[in-house]
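Below is final.txt, holding compact mmCIF, C-alpha atoms.
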# COMPACT_ATOMS: atom_id res chain seq x y z
CA MET A 107 -19.73 -17.12 14.01
CA LYS A 108 -23.21 -15.62 14.21
CA LYS A 109 -24.54 -18.39 12.01
CA ARG A 110 -22.99 -21.01 14.20
CA LEU A 111 -24.49 -19.44 17.30
CA LEU A 112 -27.84 -19.22 15.61
CA ALA A 113 -27.61 -22.89 14.68
CA ALA A 114 -26.62 -23.72 18.24
CA ALA A 115 -29.51 -21.67 19.56
CA THR A 116 -31.95 -23.42 17.24
CA LEU A 117 -30.56 -26.77 18.28
CA LEU A 118 -30.88 -25.90 21.94
CA MET A 119 -34.45 -24.78 21.42
CA SER A 120 -35.48 -27.94 19.62
CA LEU A 121 -33.76 -30.20 22.14
CA ASN A 122 -35.01 -28.48 25.19
CA ALA A 123 -38.24 -26.76 24.39
CA SER A 124 -39.39 -26.70 27.99
CA ALA A 125 -36.39 -24.86 29.49
CA ALA A 126 -36.39 -21.14 28.76
CA ASP A 127 -33.87 -19.91 26.27
CA TYR A 128 -31.95 -16.74 26.83
CA VAL A 129 -29.68 -14.60 24.73
CA ILE A 130 -26.89 -12.88 26.64
CA ASP A 131 -27.56 -9.16 26.57
CA THR A 132 -24.33 -8.02 24.98
CA ARG A 133 -26.25 -5.53 22.85
CA GLY A 134 -27.39 -3.70 25.96
CA GLY A 135 -24.00 -4.22 27.57
CA HIS A 136 -25.31 -6.19 30.53
CA ALA A 137 -22.57 -8.74 30.42
CA SER A 138 -18.81 -8.63 30.74
CA ILE A 139 -15.88 -10.99 30.55
CA ASN A 140 -13.05 -9.72 32.72
CA PHE A 141 -9.63 -10.99 33.54
CA LYS A 142 -7.32 -10.18 36.38
CA ILE A 143 -3.65 -11.05 36.67
CA PRO A 144 -0.98 -9.87 39.10
CA HIS A 145 1.50 -7.32 37.80
CA LEU A 146 4.98 -8.19 39.10
CA GLY A 147 3.21 -9.50 42.18
CA TYR A 148 2.72 -5.90 43.34
CA SER A 149 -0.74 -5.06 42.02
CA MET A 150 -3.58 -6.49 40.00
CA LEU A 151 -4.06 -5.76 36.33
CA LEU A 152 -7.63 -5.86 35.04
CA GLY A 153 -8.79 -6.24 31.49
CA ARG A 154 -11.73 -7.53 29.53
CA PHE A 155 -12.97 -8.82 26.20
CA ASN A 156 -15.32 -6.27 24.69
CA ASP A 157 -16.80 -8.39 21.93
CA PHE A 158 -18.54 -11.66 22.65
CA SER A 159 -21.93 -13.28 22.25
CA GLY A 160 -23.72 -16.24 23.68
CA ASN A 161 -26.90 -17.83 24.80
CA PHE A 162 -28.07 -20.23 27.44
CA SER A 163 -31.09 -22.16 28.55
CA TYR A 164 -32.06 -22.11 32.17
CA ASP A 165 -34.98 -23.11 34.31
CA ALA A 166 -34.73 -22.55 38.05
CA SER A 167 -36.70 -25.72 38.68
CA ASN A 168 -34.42 -27.85 36.55
CA VAL A 169 -30.91 -26.44 36.80
CA SER A 170 -29.16 -29.59 35.63
CA ALA A 171 -30.81 -29.19 32.23
CA ALA A 172 -29.23 -25.78 31.79
CA LYS A 173 -26.73 -25.16 29.02
CA ILE A 174 -24.59 -22.25 27.97
CA GLU A 175 -22.46 -21.40 25.00
CA VAL A 176 -20.34 -18.27 24.66
CA SER A 177 -18.08 -17.14 21.86
CA ILE A 178 -15.44 -14.47 22.43
CA ASN A 179 -13.63 -12.37 19.86
CA THR A 180 -10.10 -12.50 21.26
CA THR A 181 -8.98 -9.47 19.26
CA SER A 182 -11.32 -7.38 21.43
CA LEU A 183 -9.01 -7.70 24.43
CA ASP A 184 -8.92 -4.36 26.25
CA SER A 185 -6.71 -3.57 29.22
CA ASN A 186 -7.01 0.20 28.81
CA HIS A 187 -3.54 0.50 27.31
CA ALA A 188 -3.09 0.09 23.55
CA GLU A 189 0.54 -0.96 23.59
CA ARG A 190 -0.13 -3.61 26.22
CA ASP A 191 -3.21 -4.79 24.33
CA LYS A 192 -1.10 -5.17 21.21
CA HIS A 193 1.46 -7.14 23.18
CA LEU A 194 -1.10 -9.40 24.88
CA LYS A 195 -2.89 -10.07 21.58
CA GLY A 196 0.37 -10.75 19.78
CA GLY A 197 2.62 -13.75 19.35
CA ASP A 198 4.00 -13.54 22.89
CA PHE A 199 0.62 -14.34 24.42
CA ILE A 200 -2.81 -15.20 22.98
CA GLU A 201 -2.00 -14.88 19.24
CA ALA A 202 -5.36 -13.33 18.45
CA ASN A 203 -4.60 -13.07 14.74
CA LYS A 204 -4.29 -16.86 14.63
CA PHE A 205 -6.79 -17.82 17.33
CA GLY A 206 -9.38 -15.10 16.88
CA GLU A 207 -12.15 -16.92 18.69
CA ALA A 208 -12.38 -18.43 22.14
CA THR A 209 -15.45 -20.45 23.03
CA PHE A 210 -16.95 -21.91 26.14
CA THR A 211 -19.50 -24.70 25.86
CA SER A 212 -20.97 -26.18 29.01
CA THR A 213 -20.95 -29.94 29.45
CA SER A 214 -22.80 -30.14 32.76
CA ILE A 215 -24.34 -27.67 35.15
CA SER A 216 -25.26 -28.63 38.70
CA ASP A 217 -27.19 -26.90 41.44
CA LYS A 218 -25.13 -26.35 44.60
CA GLY A 219 -27.98 -24.77 46.55
CA ASN A 220 -28.45 -21.17 47.67
CA GLY A 221 -28.35 -19.99 44.07
CA LYS A 222 -24.88 -21.43 43.54
CA LEU A 223 -24.09 -23.38 40.40
CA GLU A 224 -21.18 -25.40 39.21
CA VAL A 225 -20.73 -24.96 35.49
CA LYS A 226 -18.43 -27.48 33.86
CA GLY A 227 -17.50 -27.09 30.26
CA ASP A 228 -14.88 -26.92 27.56
CA LEU A 229 -12.98 -23.71 27.00
CA ILE A 230 -11.20 -23.36 23.69
CA LEU A 231 -8.57 -20.66 24.06
CA HIS A 232 -5.37 -20.13 22.09
CA GLY A 233 -6.31 -23.21 20.09
CA VAL A 234 -6.30 -25.45 23.18
CA THR A 235 -9.43 -27.19 24.43
CA LYS A 236 -9.54 -27.72 28.17
CA ALA A 237 -12.27 -28.69 30.62
CA ILE A 238 -12.78 -25.95 33.18
CA VAL A 239 -15.17 -25.35 36.09
CA ILE A 240 -16.87 -22.02 36.64
CA ASP A 241 -18.24 -21.32 40.11
CA ALA A 242 -21.37 -19.36 39.41
CA VAL A 243 -24.06 -17.71 41.39
CA LYS A 244 -27.46 -16.58 40.24
CA VAL A 245 -27.89 -12.89 40.98
CA GLY A 246 -31.59 -12.66 40.22
CA GLU A 247 -34.39 -13.12 37.72
CA GLY A 248 -37.73 -11.63 36.86
CA ASP A 249 -39.64 -9.26 34.62
CA ASP A 250 -37.79 -6.22 33.36
CA PRO A 251 -39.53 -2.82 33.08
CA TRP A 252 -39.82 -3.07 29.27
CA GLY A 253 -41.93 -6.19 28.88
CA GLY A 254 -39.13 -8.75 28.85
CA TYR A 255 -37.86 -11.35 31.26
CA ARG A 256 -34.28 -11.58 32.45
CA VAL A 257 -32.00 -13.72 34.56
CA GLY A 258 -28.42 -12.96 35.47
CA PHE A 259 -25.40 -14.78 36.86
CA SER A 260 -21.90 -14.08 38.02
CA GLY A 261 -19.08 -16.55 37.82
CA THR A 262 -15.41 -16.95 38.51
CA THR A 263 -12.74 -19.36 37.44
CA VAL A 264 -8.97 -19.47 37.45
CA LEU A 265 -7.03 -20.34 34.30
CA LYS A 266 -3.42 -21.41 34.25
CA LEU A 267 -1.62 -19.83 31.32
CA LYS A 268 0.40 -23.00 30.89
CA ASP A 269 -2.77 -25.08 30.39
CA PHE A 270 -3.53 -23.08 27.27
CA ASN A 271 0.04 -23.00 25.95
CA ILE A 272 0.28 -19.30 26.69
CA PRO A 273 3.91 -18.59 27.59
CA GLU A 274 4.52 -17.49 31.16
CA ARG A 275 6.48 -14.41 30.21
CA LEU A 276 5.23 -12.20 32.99
CA GLY A 277 7.17 -13.77 35.81
CA PRO A 278 6.45 -16.23 38.59
CA ALA A 279 3.76 -14.06 40.17
CA SER A 280 1.71 -14.00 36.98
CA THR A 281 1.10 -17.55 35.85
CA GLU A 282 -2.62 -17.68 36.56
CA VAL A 283 -5.40 -15.42 35.44
CA GLU A 284 -8.63 -14.99 37.33
CA MET A 285 -11.73 -14.68 35.21
CA ASP A 286 -14.62 -12.62 36.50
CA LEU A 287 -17.75 -13.25 34.46
CA HIS A 288 -21.10 -11.52 34.46
CA ILE A 289 -24.02 -12.29 32.21
CA GLU A 290 -27.61 -11.22 31.93
CA GLY A 291 -29.88 -13.15 29.59
CA ILE A 292 -33.05 -11.94 27.94
CA ARG A 293 -35.64 -14.69 27.55
CA GLN A 294 -36.54 -15.37 23.95
CA MET B 151 27.77 26.68 0.83
CA TYR B 152 24.57 26.22 2.79
CA ILE B 153 22.18 26.40 -0.16
CA ASN B 154 22.11 23.60 -2.76
CA SER B 155 23.63 24.53 -6.11
CA ASP B 156 22.96 22.95 -9.50
CA SER B 157 25.95 20.66 -9.08
CA GLN B 158 26.30 20.14 -5.34
CA PHE B 159 24.22 19.66 -2.22
CA GLY B 160 24.73 22.40 0.37
CA ARG B 161 25.81 21.80 3.93
CA VAL B 162 22.30 21.86 5.38
CA SER B 163 20.99 19.19 3.01
CA LYS B 164 24.07 17.04 3.57
CA VAL B 165 23.85 17.17 7.35
CA ILE B 166 20.13 16.39 7.30
CA HIS B 167 20.61 13.57 4.79
CA TRP B 168 23.25 11.75 6.83
CA LEU B 169 21.53 12.44 10.13
CA VAL B 170 18.32 10.95 8.76
CA ALA B 171 20.21 7.96 7.35
CA VAL B 172 21.91 7.15 10.67
CA THR B 173 18.68 7.73 12.61
CA ILE B 174 16.61 5.48 10.36
CA PHE B 175 19.03 2.57 10.57
CA SER B 176 19.34 3.03 14.35
CA LEU B 177 15.58 3.15 14.80
CA PHE B 178 15.23 0.02 12.69
CA GLY B 179 17.82 -1.84 14.76
CA VAL B 180 16.38 -0.70 18.05
CA GLY B 181 12.87 -1.50 16.82
CA LEU B 182 13.82 -5.09 16.02
CA TRP B 183 15.77 -5.49 19.25
CA MET B 184 13.20 -4.00 21.60
CA GLY B 185 10.48 -6.27 20.21
CA GLU B 186 12.45 -9.23 21.53
CA LEU B 187 13.06 -7.90 25.04
CA THR B 188 11.54 -9.81 27.90
CA TYR B 189 9.26 -8.17 30.41
CA TYR B 190 11.95 -8.11 33.07
CA ASP B 191 14.66 -6.61 30.90
CA ASP B 192 16.08 -3.27 32.09
CA TRP B 193 15.39 -1.79 28.66
CA TYR B 194 11.81 -3.03 28.39
CA GLN B 195 10.36 0.43 29.09
CA THR B 196 13.21 2.75 28.12
CA ALA B 197 13.95 1.34 24.65
CA PRO B 198 10.41 1.93 23.30
CA HIS B 199 10.42 5.37 24.95
CA TYR B 200 13.60 6.37 23.12
CA HIS B 201 12.44 4.72 19.91
CA LYS B 202 9.21 6.72 19.94
CA SER B 203 10.87 9.98 20.97
CA VAL B 204 13.57 9.76 18.30
CA GLY B 205 10.96 8.68 15.74
CA ILE B 206 8.86 11.78 16.35
CA LEU B 207 11.95 14.01 16.14
CA LEU B 208 12.84 12.30 12.87
CA GLY B 209 9.36 13.10 11.56
CA LEU B 210 9.84 16.76 12.51
CA LEU B 211 13.28 16.81 10.88
CA MET B 212 11.76 15.37 7.71
CA VAL B 213 9.17 18.15 7.65
CA ILE B 214 12.00 20.69 7.92
CA ARG B 215 13.88 18.78 5.21
CA VAL B 216 10.97 19.01 2.77
CA MET B 217 10.57 22.71 3.53
CA TRP B 218 14.30 23.21 3.02
CA MET B 219 14.16 21.36 -0.28
CA PHE B 220 11.57 23.81 -1.55
CA ARG B 221 13.69 26.71 -0.32
CA ALA B 222 17.14 25.48 -1.38
CA GLY B 223 16.29 23.44 -4.45
CA LYS B 224 18.13 20.34 -5.64
CA PRO B 225 21.19 19.77 -7.83
CA LYS B 226 20.39 18.93 -11.45
CA PRO B 227 20.79 15.31 -12.57
CA LEU B 228 24.17 14.62 -14.14
CA VAL B 229 24.15 14.77 -17.94
CA SER B 230 25.80 11.34 -18.03
CA HIS B 231 22.70 9.79 -16.38
CA GLN B 232 20.20 8.00 -18.58
CA ALA B 233 16.60 9.23 -18.57
CA TRP B 234 15.44 6.01 -16.91
CA GLU B 235 18.06 6.45 -14.19
CA VAL B 236 16.80 9.95 -13.47
CA THR B 237 13.18 8.80 -13.36
CA LEU B 238 13.98 5.80 -11.19
CA SER B 239 16.03 7.83 -8.73
CA LYS B 240 13.29 10.49 -8.47
CA LEU B 241 10.73 7.77 -7.83
CA THR B 242 13.00 6.18 -5.21
CA HIS B 243 13.55 9.49 -3.43
CA LEU B 244 9.82 10.19 -3.39
CA LEU B 245 9.10 6.71 -2.02
CA LEU B 246 11.80 7.04 0.65
CA TYR B 247 10.23 10.29 1.86
CA LEU B 248 6.69 8.88 1.80
CA LEU B 249 7.78 5.72 3.64
CA VAL B 250 9.46 7.69 6.42
CA PHE B 251 6.34 9.78 6.95
CA ALA B 252 4.05 6.74 6.80
CA ILE B 253 6.22 4.89 9.33
CA VAL B 254 6.23 7.82 11.74
CA VAL B 255 2.44 8.17 11.44
CA SER B 256 1.79 4.43 11.86
CA GLY B 257 4.09 4.36 14.90
CA TYR B 258 2.23 7.28 16.40
CA LEU B 259 -1.06 5.46 15.78
CA ILE B 260 0.14 2.40 17.75
CA SER B 261 1.02 4.37 20.86
CA THR B 262 -1.97 6.67 20.81
CA ALA B 263 -4.67 4.09 20.00
CA ASP B 264 -6.01 4.30 23.55
CA GLY B 265 -6.14 8.09 23.65
CA ARG B 266 -2.89 8.46 25.58
CA GLY B 267 -0.57 11.11 24.20
CA LEU B 268 2.95 10.32 23.05
CA GLU B 269 5.74 11.54 25.33
CA VAL B 270 8.82 12.77 23.48
CA PHE B 271 11.80 12.47 25.88
CA ASN B 272 9.56 13.88 28.63
CA TRP B 273 10.09 17.25 26.89
CA PHE B 274 6.66 17.54 25.42
CA GLN B 275 3.66 15.41 24.61
CA ILE B 276 2.01 14.88 21.25
CA PRO B 277 -1.74 14.58 21.86
CA ALA B 278 -3.55 11.45 20.71
CA LEU B 279 -6.24 11.39 18.07
CA GLY B 280 -7.72 8.41 19.88
CA SER B 281 -8.94 5.22 18.29
CA LEU B 282 -9.71 5.87 14.63
CA ILE B 283 -10.20 2.26 13.59
CA GLU B 284 -10.91 -1.01 15.37
CA ASN B 285 -7.82 -2.86 16.64
CA GLN B 286 -5.81 0.19 15.63
CA GLU B 287 -2.74 -0.81 17.62
CA ASP B 288 -2.55 -4.17 15.82
CA ILE B 289 -3.17 -2.85 12.31
CA ALA B 290 -0.88 0.15 12.74
CA GLY B 291 1.75 -2.20 14.19
CA GLU B 292 1.61 -4.49 11.14
CA ILE B 293 1.87 -1.54 8.79
CA HIS B 294 4.71 0.01 10.81
CA GLU B 295 6.73 -3.20 10.57
CA ILE B 296 6.08 -3.91 6.89
CA LEU B 297 6.88 -0.34 5.86
CA ALA B 298 10.03 -0.31 7.99
CA PHE B 299 11.38 -3.37 6.19
CA THR B 300 10.37 -1.83 2.85
CA LEU B 301 12.16 1.41 3.73
CA ILE B 302 15.34 -0.38 4.75
CA GLY B 303 15.25 -2.44 1.55
CA LEU B 304 14.79 0.67 -0.55
CA ALA B 305 17.48 2.57 1.38
CA VAL B 306 19.94 -0.26 0.72
CA LEU B 307 19.04 -0.10 -2.96
CA HIS B 308 19.50 3.68 -2.86
CA ALA B 309 22.93 3.28 -1.24
CA ALA B 310 23.93 0.53 -3.67
CA ALA B 311 23.03 2.78 -6.59
CA ALA B 312 25.13 5.62 -5.15
CA ILE B 313 28.08 3.28 -4.68
CA LYS B 314 27.65 1.91 -8.19
CA HIS B 315 27.79 5.46 -9.59
CA HIS B 316 30.88 6.18 -7.51
CA VAL B 317 32.83 2.99 -8.12
CA ILE B 318 31.73 1.75 -11.53
CA ASP B 319 30.55 4.88 -13.38
CA LYS B 320 33.08 7.04 -11.51
CA ASP B 321 30.74 10.03 -11.65
CA SER B 322 30.06 12.64 -8.98
CA THR B 323 26.64 11.32 -7.81
CA LEU B 324 27.82 10.27 -4.36
CA ARG B 325 30.44 13.02 -3.97
CA ARG B 326 27.71 15.64 -4.29
CA MET B 327 26.27 14.41 -1.00
CA LEU B 328 29.60 14.17 0.87
Can you give me the file's structure in the form of structure tokens?
Amino acid sequence: MKKRLLAAATLLMSLNASAADYVIDTRGGHASINFKIPHLGYSMLLGRFNDFSGNFSYDASNVSAAKIEVSINTTSLDSNHAERDKHLKGGDFIEANKFGEATFTSTSISDKGNGKLEVKGDLILHGVTKAIVIDAVKVGEGDDPWGGYRVGFSGTTVLKLKDFNIPERLGPASTEVEMDLHIEGIRQ
Amino acid sequence: MYINSDSQFGRVSKVIHWLVAVTIFSLFGVGLWMGELTYYDDWYQTAPHYHKSVGILLGLLMVIRVMWMFRAGKPKPLVSHQAWEVTLSKLTHLLLYLLVFAIVVSGYLISTADGRGLEVFNWFQIPALGSLIENQEDIAGEIHEILAFTLIGLAVLHAAAAIKHHVIDKDSTLRRML
């Protein structure tokens, strides 16, 4: 997985030497992939994937040239309840032992003005590839206090369980999951 | 009558033996059944709660059983038994004990992987050791299931051997436990 990302990063760099390349700061924990799904229709359940990695290229003056690729270890699902995690990772839902990796690869990114971006791409989850759209917003960019340069984004998207062949076992109120995404990249 | 003699199990050992046998098969059945329950089933929360509570009590009973065995001893093998039969039965008994303990521990490790303690019938709580390994709930779950099937297989073998001694050899092997 690391090798593949490295190869992807090298490819991105060679293709697009002018746009700045960033590695998502998962090491420093300045990124998170969260999900939110109604419980019985009475409350919201939040969880996240603790282990993922990715990189992107981005240049504020040429947003449409931006690209992003993220790889998620699906066994790192964490909803702060071990028995539920086991259930969600198991055969009833995302089958993490069989589909241990989920990936998102952007196909086109467009500037919607006011720091808003529309990120289209392919999400591979539970073995199913589906085109999704992430509504993103740039939070900020600039020098960090330690000699580096960073840019960060937030994004949201809604996934239908059915689209990814994940059984709708949680009832009619819980067929869609909202993804709440936050990334900070460190310029390479 | 309560203590085991050289030729017969005492009342305490007998009661524990059959109680453990019934409990293990019940836990196995409930374990299989509750894994198939849907989220909206009435038993979705209660069945695992009972399964865990009874499982912990079984573990405690097994600790008492081992202590009792050291205190009360065991009947001697029948003279009519071959050496290999004696060895095999000893090995089976040891494995049965080890499997029960390993299943209780692995079950505990599923429920407590997030640091939450394990509630036993809302009587008391066993504290969690927390997450000892990555994906503990998944790995412990796999182990719990595999060992449970192994235990049931071995218990059936154990029962078949007892019945064989009773019906075919017509010796007192099974009667000593009744």
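In terms of minimum interatomic distance to chain A, B:Leu187 ranks closest within B:Ala309, B:Leu187, B:Ile296, B:Ala252, counting all atoms listed in the file.
The space separating atom CA of Ser185 of chain A from atom CA of Gly246 of chain A comes to 28.7 Å.
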Å distance separating atom CA of Arg326 of chain B from atom CA of Gln158 of chain B, one decimal place = 4.8 Å
Provide as a PyMOL selection string the residues of chain B at most 12 Å from chain A, counting all atoms listed in the file.
-> chain B and resi 185-191+195+198-199+257-268+278+280-281+284-292
For His145 of chain A, the closest of A:Thr263, A:Glu282, A:Ile130, A:Phe162 counting only C-alpha atoms is A:Glu282
Need the neighbours of (-29.7, -23.5, 34.7): which residues are at most 9 Å away, counting all atoms listed in the file, as a PyMOL selection string?
-> chain A and resi 125+162-174+215-217+223
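Distances here use all atoms listed in the file; by that measure, the residue among B:Ser256, B:Gln275, B:Thr237, B:Ser155 closest to Ser203 of chain B is B:Gln275.
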Mind listing as a list in words all residues within 12 Å of (-16.6, -32.1, 24.9), counting all atoms listed in the file?
->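 Every polymer residue passing the test: Thr209, Phe210, Thr211, Ser212, Thr213, Ser214, Lys226, Gly227, Asp228, Leu229, Ile230, Thr235, Lys236, Ala237 and Ile238 of chain A.
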Find the residues around Leu228 of chain B up to 9 Å (all atoms listed in the file counted), leave out those fewer than 3 positions away in its own chain, and share them as a list in words.
->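 With the cut-off at 9 Å, the set is Ser157, Pro225, His231, Gln232, Val236, Asp321, Ser322 and Thr323 of chain B.
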Quick one: what's the axis-aligned box for segment 236-248 of chain A, all listed atoms, 6 Å on every side, centre and edges in Å to one decimal, as lines of an AutoDock Vina configuration file?
center_x = -23.6
center_y = -20.2
center_z = 34.8
size_x = 40.2
size_y = 29.1
size_z = 25.2
Could you work out how far atom CA of Ile272 of chain A lies from atom CA of Asp241 of chain A, giving the answer in Å with one decimal?
->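 Separating atom CA of Asp241 of chain A from atom CA of Ile272 of chain A is a distance of 23.0 Å.
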Quick one: residues within 8 Å of Ile302 of chain B, all atoms listed in the file counted, chain neighbours fewer than 4 positions away excluded, as a list in words?
-> Phe175, Phe178, Ala298 and Val306 of chain B
Please provide as a PyMOL selection string all residues within 8 Å of Arg215 of chain B, with the sequence filter that same-chain residues fewer than 3 positions apart are discarded (counting all atoms listed in the file).
-> chain B and resi 163+166+211-212+218-219
Which is closer to Ala208 of chain A than all the others in A:Glu247, A:Asp131, A:Glu175, A:Asp286, using only C-alpha atoms?
->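 For Ala208 of chain A, the nearest of the candidates is A:Glu175.
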Met151 of chain B: which residues within 9 Å, counting only C-alpha atoms, same-chain residues fewer than 4 positions away excluded, as a tab-separated table (two decimals) with C-alpha atoms, in the coordinates of the input?
chain	number	residue	atom	x	y	z
B	155	SER	CA	23.63	24.53	-6.11
B	159	PHE	CA	24.22	19.66	-2.22
B	160	GLY	CA	24.73	22.40	0.37
B	161	ARG	CA	25.81	21.80	3.93
B	162	VAL	CA	22.30	21.86	5.38
Can you rebuild segment 268-279 of chain B with N, CA, C and O atoms and give it as a short mmCIF file (atom, residue, chain, number, x, y, z; two decimals), keeping the file's coordinate frame?
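Below is the file rebuild-v6.cif, written as the result:
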data_model
loop_
_atom_site.label_atom_id
_atom_site.label_comp_id
_atom_site.auth_asym_id
_atom_site.auth_seq_id
_atom_site.Cartn_x
_atom_site.Cartn_y
_atom_site.Cartn_z
N LEU B 268 1.63 10.93 23.22
CA LEU B 268 2.95 10.32 23.05
C LEU B 268 4.00 11.25 23.66
O LEU B 268 4.14 12.40 23.24
N GLU B 269 4.71 10.75 24.65
CA GLU B 269 5.74 11.54 25.33
C GLU B 269 7.03 11.53 24.52
O GLU B 269 7.54 10.46 24.20
N VAL B 270 7.55 12.68 24.19
CA VAL B 270 8.82 12.77 23.48
C VAL B 270 9.88 13.20 24.49
O VAL B 270 9.94 14.35 24.89
N PHE B 271 10.70 12.23 24.91
CA PHE B 271 11.80 12.47 25.88
C PHE B 271 11.35 13.23 27.13
O PHE B 271 12.13 13.94 27.74
N ASN B 272 10.09 13.11 27.50
CA ASN B 272 9.56 13.88 28.63
C ASN B 272 9.76 15.39 28.45
O ASN B 272 9.76 16.14 29.41
N TRP B 273 9.98 15.81 27.19
CA TRP B 273 10.09 17.25 26.89
C TRP B 273 8.72 17.83 26.62
O TRP B 273 8.37 18.88 27.08
N PHE B 274 8.00 17.09 25.76
CA PHE B 274 6.66 17.54 25.42
C PHE B 274 5.83 16.32 25.03
O PHE B 274 6.38 15.22 24.84
N GLN B 275 4.54 16.53 24.94
CA GLN B 275 3.66 15.41 24.61
C GLN B 275 2.88 15.73 23.33
O GLN B 275 2.38 16.84 23.17
N ILE B 276 2.83 14.72 22.44
CA ILE B 276 2.01 14.88 21.25
C ILE B 276 0.63 14.33 21.60
O ILE B 276 0.52 13.16 22.00
N PRO B 277 -0.42 15.09 21.47
CA PRO B 277 -1.74 14.58 21.86
C PRO B 277 -2.19 13.43 20.96
O PRO B 277 -1.77 13.34 19.79
N ALA B 278 -3.04 12.58 21.48
CA ALA B 278 -3.55 11.45 20.71
C ALA B 278 -4.78 11.86 19.94
O ALA B 278 -5.50 12.78 20.34
N LEU B 279 -4.99 11.20 18.81
CA LEU B 279 -6.24 11.39 18.07
C LEU B 279 -7.26 10.36 18.53
O LEU B 279 -8.41 10.38 18.11
#
